[in-house]
>>> print(open('work29.txt').read())   # compact mmCIF, N, CA, C and O atoms
# COMPACT_ATOMS: atom_id res chain seq x y z
N MET A 79 -5.29 51.16 -12.93
CA MET A 79 -5.02 52.26 -13.81
C MET A 79 -4.79 53.51 -12.97
O MET A 79 -5.41 53.69 -11.93
N ILE A 80 -3.88 54.33 -13.42
CA ILE A 80 -3.56 55.55 -12.70
C ILE A 80 -3.20 56.64 -13.72
O ILE A 80 -2.57 56.36 -14.74
N ARG A 81 -3.62 57.84 -13.43
CA ARG A 81 -3.27 58.95 -14.32
C ARG A 81 -1.79 59.28 -14.17
O ARG A 81 -1.21 59.15 -13.09
N ARG A 82 -1.20 59.72 -15.25
CA ARG A 82 0.23 60.08 -15.24
C ARG A 82 0.51 61.15 -14.20
O ARG A 82 1.53 61.11 -13.50
N GLU A 83 -0.38 62.15 -14.09
CA GLU A 83 -0.19 63.24 -13.13
C GLU A 83 -0.18 62.70 -11.70
O GLU A 83 0.59 63.17 -10.86
N THR A 84 -1.04 61.73 -11.43
CA THR A 84 -1.08 61.13 -10.09
C THR A 84 0.21 60.37 -9.84
O THR A 84 0.83 60.48 -8.78
N PHE A 85 0.62 59.59 -10.81
CA PHE A 85 1.85 58.82 -10.71
C PHE A 85 3.05 59.74 -10.46
O PHE A 85 3.88 59.47 -9.59
N ASP A 86 3.11 60.86 -11.19
CA ASP A 86 4.21 61.81 -11.02
C ASP A 86 4.21 62.41 -9.61
O ASP A 86 5.26 62.66 -9.03
N GLU A 87 3.03 62.67 -9.07
CA GLU A 87 2.93 63.28 -7.75
C GLU A 87 3.15 62.28 -6.61
O GLU A 87 3.87 62.56 -5.65
N VAL A 88 2.56 61.11 -6.72
CA VAL A 88 2.58 60.13 -5.62
C VAL A 88 3.82 59.25 -5.67
O VAL A 88 4.34 58.83 -4.64
N GLY A 89 4.29 58.94 -6.85
CA GLY A 89 5.50 58.13 -6.97
C GLY A 89 5.22 56.66 -7.19
O GLY A 89 4.08 56.23 -7.37
N LEU A 90 6.27 55.89 -7.15
CA LEU A 90 6.22 54.46 -7.39
C LEU A 90 5.61 53.71 -6.23
O LEU A 90 5.42 54.26 -5.14
N LEU A 91 5.35 52.43 -6.44
CA LEU A 91 4.93 51.56 -5.35
C LEU A 91 6.08 51.46 -4.34
O LEU A 91 7.26 51.55 -4.71
N ASP A 92 5.74 51.29 -3.09
CA ASP A 92 6.74 51.17 -2.03
C ASP A 92 7.40 49.80 -2.12
O ASP A 92 6.75 48.77 -1.93
N GLU A 93 8.69 49.77 -2.38
CA GLU A 93 9.42 48.51 -2.54
C GLU A 93 9.56 47.73 -1.24
O GLU A 93 9.92 46.55 -1.25
N ASN A 94 9.28 48.35 -0.10
CA ASN A 94 9.33 47.63 1.18
C ASN A 94 8.11 46.73 1.37
O ASN A 94 8.09 45.91 2.29
N LEU A 95 7.11 46.90 0.53
CA LEU A 95 5.92 46.06 0.58
C LEU A 95 6.03 45.02 -0.52
O LEU A 95 5.60 45.23 -1.65
N PHE A 96 6.61 43.90 -0.20
CA PHE A 96 6.87 42.85 -1.19
C PHE A 96 5.61 42.02 -1.43
O PHE A 96 5.19 41.27 -0.55
N MET A 97 5.01 42.16 -2.57
CA MET A 97 3.88 41.36 -3.03
C MET A 97 2.55 41.60 -2.32
O MET A 97 1.53 41.26 -2.85
N TYR A 98 2.54 42.09 -1.13
CA TYR A 98 1.31 42.22 -0.37
C TYR A 98 1.16 43.63 0.18
O TYR A 98 2.06 44.12 0.86
N GLY A 99 0.04 44.25 -0.09
CA GLY A 99 -0.25 45.56 0.49
C GLY A 99 0.25 46.74 -0.30
O GLY A 99 -0.08 47.88 0.04
N ASP A 100 1.04 46.51 -1.32
CA ASP A 100 1.57 47.63 -2.10
C ASP A 100 0.45 48.42 -2.77
O ASP A 100 0.49 49.64 -2.84
N ASP A 101 -0.58 47.72 -3.23
CA ASP A 101 -1.71 48.39 -3.86
C ASP A 101 -2.51 49.22 -2.85
O ASP A 101 -2.93 50.34 -3.14
N VAL A 102 -2.70 48.69 -1.66
CA VAL A 102 -3.43 49.40 -0.61
C VAL A 102 -2.66 50.66 -0.20
O VAL A 102 -3.23 51.74 -0.06
N ASP A 103 -1.36 50.51 -0.03
CA ASP A 103 -0.51 51.64 0.33
C ASP A 103 -0.57 52.72 -0.75
O ASP A 103 -0.68 53.90 -0.46
N TRP A 104 -0.49 52.31 -2.00
CA TRP A 104 -0.51 53.25 -3.12
C TRP A 104 -1.83 54.00 -3.17
O TRP A 104 -1.86 55.22 -3.35
N CYS A 105 -2.94 53.28 -3.01
CA CYS A 105 -4.26 53.93 -3.01
C CYS A 105 -4.36 54.92 -1.84
O CYS A 105 -4.88 56.03 -2.00
N ARG A 106 -3.85 54.54 -0.69
CA ARG A 106 -3.90 55.44 0.46
C ARG A 106 -3.08 56.70 0.20
O ARG A 106 -3.49 57.81 0.52
N ARG A 107 -1.90 56.54 -0.38
CA ARG A 107 -1.06 57.69 -0.69
C ARG A 107 -1.72 58.60 -1.72
O ARG A 107 -1.64 59.84 -1.61
N CYS A 108 -2.38 58.01 -2.71
CA CYS A 108 -3.10 58.81 -3.71
C CYS A 108 -4.23 59.59 -3.06
O CYS A 108 -4.41 60.78 -3.30
N TRP A 109 -4.99 58.91 -2.22
CA TRP A 109 -6.12 59.52 -1.53
C TRP A 109 -5.65 60.68 -0.64
O TRP A 109 -6.24 61.75 -0.64
N LYS A 110 -4.56 60.44 0.11
CA LYS A 110 -4.03 61.49 0.99
C LYS A 110 -3.50 62.68 0.19
O LYS A 110 -3.47 63.80 0.70
N ALA A 111 -3.09 62.46 -1.04
CA ALA A 111 -2.60 63.54 -1.90
C ALA A 111 -3.75 64.30 -2.57
O ALA A 111 -3.52 65.24 -3.32
N GLY A 112 -4.99 63.85 -2.29
CA GLY A 112 -6.14 64.55 -2.82
C GLY A 112 -6.76 63.96 -4.08
O GLY A 112 -7.70 64.52 -4.63
N TRP A 113 -6.24 62.84 -4.52
CA TRP A 113 -6.78 62.19 -5.70
C TRP A 113 -7.95 61.30 -5.31
O TRP A 113 -8.00 60.77 -4.20
N GLU A 114 -8.86 61.11 -6.23
CA GLU A 114 -10.00 60.22 -5.99
C GLU A 114 -9.58 58.79 -6.31
O GLU A 114 -9.01 58.52 -7.37
N VAL A 115 -9.89 57.89 -5.41
CA VAL A 115 -9.61 56.47 -5.62
C VAL A 115 -10.95 55.80 -5.87
O VAL A 115 -11.86 55.91 -5.06
N VAL A 116 -11.06 55.11 -6.99
CA VAL A 116 -12.33 54.52 -7.40
C VAL A 116 -12.18 53.02 -7.57
O VAL A 116 -11.19 52.55 -8.15
N PHE A 117 -13.14 52.29 -7.09
CA PHE A 117 -13.21 50.85 -7.29
C PHE A 117 -14.18 50.57 -8.42
O PHE A 117 -15.32 51.03 -8.39
N PHE A 118 -13.74 49.86 -9.43
CA PHE A 118 -14.61 49.52 -10.56
C PHE A 118 -14.85 48.01 -10.53
O PHE A 118 -13.98 47.23 -10.92
N PRO A 119 -16.02 47.58 -10.07
CA PRO A 119 -16.28 46.14 -9.93
C PRO A 119 -16.35 45.39 -11.25
O PRO A 119 -16.25 44.17 -11.26
N GLY A 120 -16.50 46.09 -12.36
CA GLY A 120 -16.57 45.42 -13.66
C GLY A 120 -15.22 45.08 -14.25
O GLY A 120 -15.14 44.37 -15.25
N ALA A 121 -14.15 45.55 -13.64
CA ALA A 121 -12.80 45.26 -14.15
C ALA A 121 -12.48 43.78 -13.96
O ALA A 121 -12.91 43.16 -12.99
N ARG A 122 -11.73 43.23 -14.89
CA ARG A 122 -11.35 41.82 -14.80
C ARG A 122 -9.84 41.69 -14.98
O ARG A 122 -9.24 42.40 -15.78
N ALA A 123 -9.26 40.79 -14.23
CA ALA A 123 -7.83 40.49 -14.36
C ALA A 123 -7.65 38.98 -14.32
O ALA A 123 -8.36 38.29 -13.57
N ILE A 124 -6.73 38.48 -15.09
CA ILE A 124 -6.43 37.05 -15.07
C ILE A 124 -5.28 36.85 -14.10
O ILE A 124 -4.24 37.49 -14.20
N HIS A 125 -5.47 35.96 -13.14
CA HIS A 125 -4.48 35.76 -12.10
C HIS A 125 -4.37 34.28 -11.80
O HIS A 125 -5.35 33.63 -11.46
N ASP A 126 -3.18 33.71 -11.94
CA ASP A 126 -2.95 32.30 -11.57
C ASP A 126 -2.70 32.24 -10.08
O ASP A 126 -1.56 32.12 -9.63
N ARG A 127 -3.76 32.34 -9.32
CA ARG A 127 -3.68 32.42 -7.86
C ARG A 127 -2.88 31.25 -7.28
O ARG A 127 -3.19 30.10 -7.52
N GLY A 128 -1.88 31.60 -6.51
CA GLY A 128 -1.13 30.60 -5.79
C GLY A 128 -0.03 29.89 -6.57
O GLY A 128 0.68 29.07 -6.01
N LYS A 129 0.14 30.18 -7.85
CA LYS A 129 1.15 29.49 -8.64
C LYS A 129 2.56 29.75 -8.11
O LYS A 129 3.36 28.85 -8.01
N ILE A 130 2.84 30.99 -7.77
CA ILE A 130 4.18 31.34 -7.30
C ILE A 130 4.36 30.93 -5.84
O ILE A 130 5.40 30.40 -5.45
N THR A 131 3.35 31.17 -5.03
CA THR A 131 3.47 30.95 -3.59
C THR A 131 3.30 29.50 -3.16
O THR A 131 3.69 29.14 -2.05
N ALA A 132 2.74 28.65 -4.00
CA ALA A 132 2.45 27.26 -3.62
C ALA A 132 3.70 26.48 -3.21
O ALA A 132 3.65 25.65 -2.30
N SER A 133 4.81 26.76 -3.84
CA SER A 133 6.04 26.01 -3.54
C SER A 133 6.68 26.43 -2.22
O SER A 133 7.43 25.66 -1.63
N TYR A 134 6.38 27.63 -1.75
CA TYR A 134 7.00 28.15 -0.53
C TYR A 134 5.95 28.81 0.35
O TYR A 134 6.01 30.02 0.60
N PRO A 135 4.98 28.08 0.87
CA PRO A 135 3.87 28.70 1.60
C PRO A 135 4.30 29.46 2.86
O PRO A 135 3.77 30.54 3.14
N VAL A 136 5.26 28.93 3.59
CA VAL A 136 5.70 29.60 4.82
C VAL A 136 6.43 30.89 4.48
O VAL A 136 6.19 31.94 5.11
N ARG A 137 7.29 30.84 3.50
CA ARG A 137 8.04 32.03 3.09
C ARG A 137 7.10 33.18 2.72
O ARG A 137 7.30 34.31 3.12
N PHE A 138 6.07 32.87 1.95
CA PHE A 138 5.16 33.92 1.52
C PHE A 138 4.19 34.34 2.61
O PHE A 138 3.75 35.48 2.64
N ALA A 139 3.86 33.45 3.52
CA ALA A 139 3.04 33.83 4.68
C ALA A 139 3.81 34.81 5.56
O ALA A 139 3.24 35.80 6.04
N VAL A 140 5.09 34.58 5.75
CA VAL A 140 5.93 35.50 6.52
C VAL A 140 6.05 36.83 5.80
O VAL A 140 5.94 37.89 6.41
N ALA A 141 6.24 36.80 4.49
CA ALA A 141 6.33 38.04 3.70
C ALA A 141 5.04 38.84 3.81
O ALA A 141 5.07 40.07 3.93
N GLN A 142 3.92 38.15 3.81
CA GLN A 142 2.63 38.84 3.93
C GLN A 142 2.51 39.51 5.30
O GLN A 142 2.10 40.67 5.40
N GLN A 143 2.87 38.81 6.36
CA GLN A 143 2.80 39.39 7.70
C GLN A 143 3.75 40.57 7.85
O GLN A 143 3.41 41.58 8.47
N LYS A 144 4.95 40.46 7.29
CA LYS A 144 5.90 41.57 7.34
C LYS A 144 5.34 42.79 6.63
O LYS A 144 5.49 43.92 7.11
N SER A 145 4.68 42.58 5.50
CA SER A 145 4.09 43.69 4.75
C SER A 145 2.97 44.35 5.54
O SER A 145 2.86 45.58 5.57
N VAL A 146 2.13 43.55 6.19
CA VAL A 146 1.04 44.10 7.00
C VAL A 146 1.61 44.96 8.12
O VAL A 146 1.16 46.09 8.36
N LEU A 147 2.60 44.45 8.81
CA LEU A 147 3.21 45.21 9.92
C LEU A 147 3.89 46.48 9.42
O LEU A 147 3.79 47.53 10.05
N TYR A 148 4.58 46.39 8.30
CA TYR A 148 5.23 47.57 7.73
C TYR A 148 4.19 48.62 7.38
O TYR A 148 4.37 49.80 7.66
N TYR A 149 3.09 48.21 6.73
CA TYR A 149 2.02 49.14 6.34
C TYR A 149 1.46 49.85 7.58
O TYR A 149 1.31 51.07 7.58
N TRP A 150 1.17 49.09 8.62
CA TRP A 150 0.61 49.70 9.83
C TRP A 150 1.59 50.66 10.49
O TRP A 150 1.21 51.73 10.96
N ARG A 151 2.87 50.30 10.51
CA ARG A 151 3.88 51.18 11.09
C ARG A 151 4.01 52.46 10.27
O ARG A 151 4.07 53.56 10.81
N LYS A 152 3.98 52.32 8.97
CA LYS A 152 4.13 53.46 8.07
C LYS A 152 2.98 54.45 8.20
O LYS A 152 3.19 55.66 8.22
N HIS A 153 1.76 53.95 8.29
CA HIS A 153 0.59 54.83 8.26
C HIS A 153 -0.04 55.09 9.62
O HIS A 153 -0.82 56.04 9.76
N HIS A 154 0.25 54.26 10.61
CA HIS A 154 -0.41 54.41 11.90
C HIS A 154 0.55 54.49 13.09
O HIS A 154 0.10 54.65 14.21
N GLY A 155 1.84 54.32 12.84
CA GLY A 155 2.82 54.44 13.91
C GLY A 155 3.23 53.10 14.49
O GLY A 155 2.63 52.05 14.24
N PHE A 156 4.27 53.18 15.31
CA PHE A 156 4.87 51.98 15.89
C PHE A 156 3.89 51.19 16.74
O PHE A 156 3.76 49.98 16.62
N TRP A 157 3.19 51.88 17.65
CA TRP A 157 2.31 51.17 18.58
C TRP A 157 1.15 50.50 17.89
O TRP A 157 0.71 49.41 18.27
N ALA A 158 0.62 51.11 16.84
CA ALA A 158 -0.46 50.47 16.08
C ALA A 158 0.06 49.21 15.39
O ALA A 158 -0.64 48.20 15.36
N SER A 159 1.27 49.28 14.86
CA SER A 159 1.83 48.08 14.22
C SER A 159 2.12 47.00 15.26
O SER A 159 1.94 45.82 15.01
N TRP A 160 2.52 47.41 16.46
CA TRP A 160 2.76 46.46 17.54
C TRP A 160 1.47 45.76 17.94
O TRP A 160 1.43 44.54 18.09
N GLU A 161 0.39 46.53 18.08
CA GLU A 161 -0.91 45.94 18.41
C GLU A 161 -1.39 45.02 17.29
O GLU A 161 -1.95 43.95 17.55
N CYS A 162 -1.18 45.44 16.06
CA CYS A 162 -1.58 44.62 14.92
C CYS A 162 -0.80 43.31 14.94
O CYS A 162 -1.38 42.24 14.78
N GLY A 163 0.49 43.37 15.19
CA GLY A 163 1.30 42.16 15.26
C GLY A 163 0.89 41.25 16.40
O GLY A 163 0.81 40.04 16.25
N ALA A 164 0.59 41.86 17.54
CA ALA A 164 0.17 41.07 18.70
C ALA A 164 -1.14 40.35 18.42
O ALA A 164 -1.30 39.18 18.75
N SER A 165 -2.06 41.02 17.77
CA SER A 165 -3.35 40.39 17.48
C SER A 165 -3.21 39.34 16.38
O SER A 165 -3.88 38.31 16.41
N CYS A 166 -2.33 39.58 15.42
CA CYS A 166 -2.13 38.61 14.33
C CYS A 166 -1.52 37.31 14.88
O CYS A 166 -1.94 36.22 14.52
N PHE A 167 -0.54 37.44 15.75
CA PHE A 167 0.18 36.27 16.21
C PHE A 167 -0.46 35.61 17.43
O PHE A 167 -0.13 34.49 17.76
N SER A 168 -1.41 36.29 18.09
CA SER A 168 -2.08 35.67 19.22
C SER A 168 -3.05 34.59 18.74
O SER A 168 -3.42 33.71 19.51
N ALA A 169 -3.44 34.64 17.49
CA ALA A 169 -4.36 33.64 16.95
C ALA A 169 -3.65 32.34 16.59
O ALA A 169 -4.29 31.32 16.36
N ILE A 170 -2.32 32.38 16.57
CA ILE A 170 -1.55 31.17 16.19
C ILE A 170 -1.43 30.22 17.34
O ILE A 170 -1.26 30.52 18.43
>>> encode(input="work29.txt", output="structure tokens")
Amino acid sequence: MIRRETFDEVGLLDENLFMYGDDVDWCRRCWKAGWEVVFFPGARAIHDRGKITASYPVRFAVAQQKSVLYYWRKHHGFWASWECGASCFSAI
């Protein structure tokens, strides 16, 4: 949930973050704009986990890694994203 005033100020979700990290990016942008970001543990959502990604696990794993690297580059700079990528792929 987001207030209309926050939405008007912060804008839409970043379309460069496909399926992964868009919520984290949005919360960070709201927080940096001075809005309070609150976690409500009592909220419930119905989610068919893995229904979409099950047919193409590699494709979505790559999309997730691309989103992580994009997020780090956007908020922490090129070198931080490079270090993040190096640490992510060194475990493979």
>>> closest_residue(input="work29.txt", among="A:Ile124, A:Ile80, A:Val116, A:Trp104", to="Asp92 of chain A", atoms="all atoms listed in the file")
A:Trp104
>>> select_by_dssp(input="work29.txt", residues="chain A", states="alpha helix (DSSP H)", output="VMD selection string")
chain A and resid 82 to 88 100 to 110 135 to 154 156 to 168
>>> residues_around(input="work29.txt", residues="segment 133-146 of chain A", least_positions_apart="2", cutoff="7 Å", atoms="all atoms listed in the file", output="list of chain:residue names")
A:Asn94, A:Leu95, A:Phe96, A:Met97, A:Tyr98, A:Gly99, A:Gly128, A:Lys129, A:Ile130, A:Thr131, A:Tyr148, A:Tyr149, A:Trp150, A:Arg151, A:Lys152, A:Ser159
>>> axis_aligned_box(input="work29.txt", around="segment 131-135 of chain A", padding_each_side="8 Å", output="JSON")
{"center_x": 4.9, "center_y": 28.4, "center_z": -0.9, "size_x": 21.0, "size_y": 21.5, "size_z": 24.2}
>>> residues_near_point(input="work29.txt", point="(-0.1, 60.7, -11.1)", cutoff="12 Å", atoms="only C-alpha atoms", output="MDAnalysis selection string")
chainID A and resid 79:91 104:105 107:109 111:115
>>> atom_distance(input="work29.txt", atom1="atom N of Phe118 of chain A", atom2="atom CA of Ala132 of chain A")
28.4 Å
>>> atom_distance(input="work29.txt", atom1="atom N of Phe156 of chain A", atom2="atom CA of Asp101 of chain A")
20.6 Å
>>> atom_distance(input="work29.txt", atom1="atom C of His154 of chain A", atom2="atom N of Phe117 of chain A")
24.5 Å
>>> decode(input="work29.txt", residues="segment 114-127 of chain A", atoms="all heavy atoms", output="PDB file, in the first residue's frame")
ATOM      1  N   GLU A 114       8.053   7.548   5.357  1.00  0.00           N
ATOM      2  CA  GLU A 114       8.278   6.438   6.280  1.00  0.00           C
ATOM      3  C   GLU A 114       7.882   5.139   5.582  1.00  0.00           C
ATOM      4  O   GLU A 114       6.803   5.036   4.998  1.00  0.00           O
ATOM      5  CB  GLU A 114       7.448   6.635   7.545  1.00  0.00           C
ATOM      6  CG  GLU A 114       7.691   5.579   8.594  1.00  0.00           C
ATOM      7  CD  GLU A 114       6.889   5.819   9.863  1.00  0.00           C
ATOM      8  OE1 GLU A 114       5.995   6.686   9.872  1.00  0.00           O
ATOM      9  OE2 GLU A 114       7.161   5.118  10.842  1.00  0.00           O
ATOM     10  N   VAL A 115       8.747   4.162   5.667  1.00  0.00           N
ATOM     11  CA  VAL A 115       8.469   2.843   5.104  1.00  0.00           C
ATOM     12  C   VAL A 115       8.228   1.909   6.283  1.00  0.00           C
ATOM     13  O   VAL A 115       9.060   1.804   7.175  1.00  0.00           O
ATOM     14  CB  VAL A 115       9.646   2.335   4.240  1.00  0.00           C
ATOM     15  CG1 VAL A 115       9.373   0.933   3.721  1.00  0.00           C
ATOM     16  CG2 VAL A 115       9.909   3.302   3.086  1.00  0.00           C
ATOM     17  N   VAL A 116       7.075   1.258   6.278  1.00  0.00           N
ATOM     18  CA  VAL A 116       6.674   0.436   7.416  1.00  0.00           C
ATOM     19  C   VAL A 116       6.430  -0.994   6.956  1.00  0.00           C
ATOM     20  O   VAL A 116       5.814  -1.230   5.913  1.00  0.00           O
ATOM     21  CB  VAL A 116       5.380   0.995   8.058  1.00  0.00           C
ATOM     22  CG1 VAL A 116       4.927   0.135   9.214  1.00  0.00           C
ATOM     23  CG2 VAL A 116       5.591   2.435   8.505  1.00  0.00           C
ATOM     24  N   PHE A 117       6.904  -1.930   7.733  1.00  0.00           N
ATOM     25  CA  PHE A 117       6.640  -3.345   7.500  1.00  0.00           C
ATOM     26  C   PHE A 117       5.520  -3.773   8.434  1.00  0.00           C
ATOM     27  O   PHE A 117       5.595  -3.564   9.637  1.00  0.00           O
ATOM     28  CB  PHE A 117       7.904  -4.167   7.774  1.00  0.00           C
ATOM     29  CG  PHE A 117       7.662  -5.647   7.801  1.00  0.00           C
ATOM     30  CD1 PHE A 117       7.355  -6.332   6.632  1.00  0.00           C
ATOM     31  CD2 PHE A 117       7.730  -6.357   8.987  1.00  0.00           C
ATOM     32  CE1 PHE A 117       7.125  -7.698   6.652  1.00  0.00           C
ATOM     33  CE2 PHE A 117       7.507  -7.722   9.015  1.00  0.00           C
ATOM     34  CZ  PHE A 117       7.205  -8.395   7.848  1.00  0.00           C
ATOM     35  N   PHE A 118       4.470  -4.336   7.886  1.00  0.00           N
ATOM     36  CA  PHE A 118       3.350  -4.811   8.694  1.00  0.00           C
ATOM     37  C   PHE A 118       3.312  -6.334   8.618  1.00  0.00           C
ATOM     38  O   PHE A 118       2.878  -6.904   7.614  1.00  0.00           O
ATOM     39  CB  PHE A 118       2.031  -4.215   8.204  1.00  0.00           C
ATOM     40  CG  PHE A 118       0.849  -4.712   8.977  1.00  0.00           C
ATOM     41  CD1 PHE A 118       0.726  -4.457  10.334  1.00  0.00           C
ATOM     42  CD2 PHE A 118      -0.143  -5.429   8.350  1.00  0.00           C
ATOM     43  CE1 PHE A 118      -0.362  -4.922  11.053  1.00  0.00           C
ATOM     44  CE2 PHE A 118      -1.238  -5.903   9.052  1.00  0.00           C
ATOM     45  CZ  PHE A 118      -1.345  -5.645  10.410  1.00  0.00           C
ATOM     46  N   PRO A 119       3.784  -7.015   9.660  1.00  0.00           N
ATOM     47  CA  PRO A 119       3.869  -8.484   9.606  1.00  0.00           C
ATOM     48  C   PRO A 119       2.519  -9.183   9.565  1.00  0.00           C
ATOM     49  O   PRO A 119       2.447 -10.355   9.212  1.00  0.00           O
ATOM     50  CB  PRO A 119       4.641  -8.844  10.876  1.00  0.00           C
ATOM     51  CG  PRO A 119       4.443  -7.699  11.793  1.00  0.00           C
ATOM     52  CD  PRO A 119       4.272  -6.472  10.922  1.00  0.00           C
ATOM     53  N   GLY A 120       1.438  -8.486   9.890  1.00  0.00           N
ATOM     54  CA  GLY A 120       0.120  -9.105   9.857  1.00  0.00           C
ATOM     55  C   GLY A 120      -0.522  -9.135   8.486  1.00  0.00           C
ATOM     56  O   GLY A 120      -1.554  -9.773   8.297  1.00  0.00           O
ATOM     57  N   ALA A 121       0.091  -8.475   7.516  1.00  0.00           N
ATOM     58  CA  ALA A 121      -0.466  -8.461   6.157  1.00  0.00           C
ATOM     59  C   ALA A 121      -0.352  -9.847   5.527  1.00  0.00           C
ATOM     60  O   ALA A 121       0.601 -10.576   5.786  1.00  0.00           O
ATOM     61  CB  ALA A 121       0.259  -7.430   5.308  1.00  0.00           C
ATOM     62  N   ARG A 122      -1.314 -10.190   4.708  1.00  0.00           N
ATOM     63  CA  ARG A 122      -1.301 -11.489   4.040  1.00  0.00           C
ATOM     64  C   ARG A 122      -1.519 -11.290   2.543  1.00  0.00           C
ATOM     65  O   ARG A 122      -2.300 -10.446   2.130  1.00  0.00           O
ATOM     66  CB  ARG A 122      -2.389 -12.393   4.595  1.00  0.00           C
ATOM     67  CG  ARG A 122      -2.151 -12.792   6.037  1.00  0.00           C
ATOM     68  CD  ARG A 122      -3.263 -13.663   6.583  1.00  0.00           C
ATOM     69  NE  ARG A 122      -3.717 -14.683   5.667  1.00  0.00           N
ATOM     70  CZ  ARG A 122      -3.374 -15.974   5.718  1.00  0.00           C
ATOM     71  NH1 ARG A 122      -2.571 -16.381   6.653  1.00  0.00           N
ATOM     72  NH2 ARG A 122      -3.858 -16.834   4.843  1.00  0.00           N
ATOM     73  N   ALA A 123      -0.820 -12.082   1.762  1.00  0.00           N
ATOM     74  CA  ALA A 123      -0.993 -12.065   0.313  1.00  0.00           C
ATOM     75  C   ALA A 123      -1.023 -13.512  -0.178  1.00  0.00           C
ATOM     76  O   ALA A 123      -0.291 -14.358   0.343  1.00  0.00           O
ATOM     77  CB  ALA A 123       0.134 -11.298  -0.354  1.00  0.00           C
ATOM     78  N   ILE A 124      -1.834 -13.773  -1.156  1.00  0.00           N
ATOM     79  CA  ILE A 124      -1.882 -15.112  -1.748  1.00  0.00           C
ATOM     80  C   ILE A 124      -0.952 -15.101  -2.951  1.00  0.00           C
ATOM     81  O   ILE A 124      -1.043 -14.254  -3.828  1.00  0.00           O
ATOM     82  CB  ILE A 124      -3.316 -15.472  -2.173  1.00  0.00           C
ATOM     83  CG1 ILE A 124      -4.212 -15.482  -0.933  1.00  0.00           C
ATOM     84  CG2 ILE A 124      -3.332 -16.812  -2.901  1.00  0.00           C
ATOM     85  CD1 ILE A 124      -5.682 -15.600  -1.259  1.00  0.00           C
ATOM     86  N   HIS A 125      -0.031 -16.051  -2.977  1.00  0.00           N
ATOM     87  CA  HIS A 125       0.981 -16.072  -4.023  1.00  0.00           C
ATOM     88  C   HIS A 125       1.211 -17.514  -4.445  1.00  0.00           C
ATOM     89  O   HIS A 125       1.542 -18.361  -3.628  1.00  0.00           O
ATOM     90  CB  HIS A 125       2.280 -15.468  -3.462  1.00  0.00           C
ATOM     91  CG  HIS A 125       3.322 -15.225  -4.485  1.00  0.00           C
ATOM     92  ND1 HIS A 125       4.139 -16.221  -4.974  1.00  0.00           N
ATOM     93  CD2 HIS A 125       3.698 -14.092  -5.103  1.00  0.00           C
ATOM     94  CE1 HIS A 125       4.973 -15.692  -5.852  1.00  0.00           C
ATOM     95  NE2 HIS A 125       4.731 -14.413  -5.953  1.00  0.00           N
ATOM     96  N   ASP A 126       1.022 -17.818  -5.721  1.00  0.00           N
ATOM     97  CA  ASP A 126       1.320 -19.152  -6.251  1.00  0.00           C
ATOM     98  C   ASP A 126       2.804 -19.224  -6.557  1.00  0.00           C
ATOM     99  O   ASP A 126       3.225 -19.121  -7.711  1.00  0.00           O
ATOM    100  CB  ASP A 126       0.502 -19.433  -7.514  1.00  0.00           C
ATOM    101  CG  ASP A 126      -0.921 -19.830  -7.203  1.00  0.00           C
ATOM    102  OD1 ASP A 126      -1.167 -20.264  -6.061  1.00  0.00           O
ATOM    103  OD2 ASP A 126      -1.773 -19.695  -8.088  1.00  0.00           O
ATOM    104  N   ARG A 127       3.587 -19.368  -5.527  1.00  0.00           N
ATOM    105  CA  ARG A 127       5.046 -19.332  -5.632  1.00  0.00           C
ATOM    106  C   ARG A 127       5.565 -20.331  -6.670  1.00  0.00           C
ATOM    107  O   ARG A 127       5.281 -21.515  -6.605  1.00  0.00           O
ATOM    108  CB  ARG A 127       5.669 -19.621  -4.284  1.00  0.00           C
ATOM    109  CG  ARG A 127       7.151 -19.437  -4.265  1.00  0.00           C
ATOM    110  CD  ARG A 127       7.667 -19.507  -2.835  1.00  0.00           C
ATOM    111  NE  ARG A 127       9.051 -19.151  -2.781  1.00  0.00           N
ATOM    112  CZ  ARG A 127       9.500 -17.925  -2.629  1.00  0.00           C
ATOM    113  NH1 ARG A 127       8.650 -16.936  -2.507  1.00  0.00           N
ATOM    114  NH2 ARG A 127      10.778 -17.674  -2.583  1.00  0.00           N
TER     115      ARG A 127
END
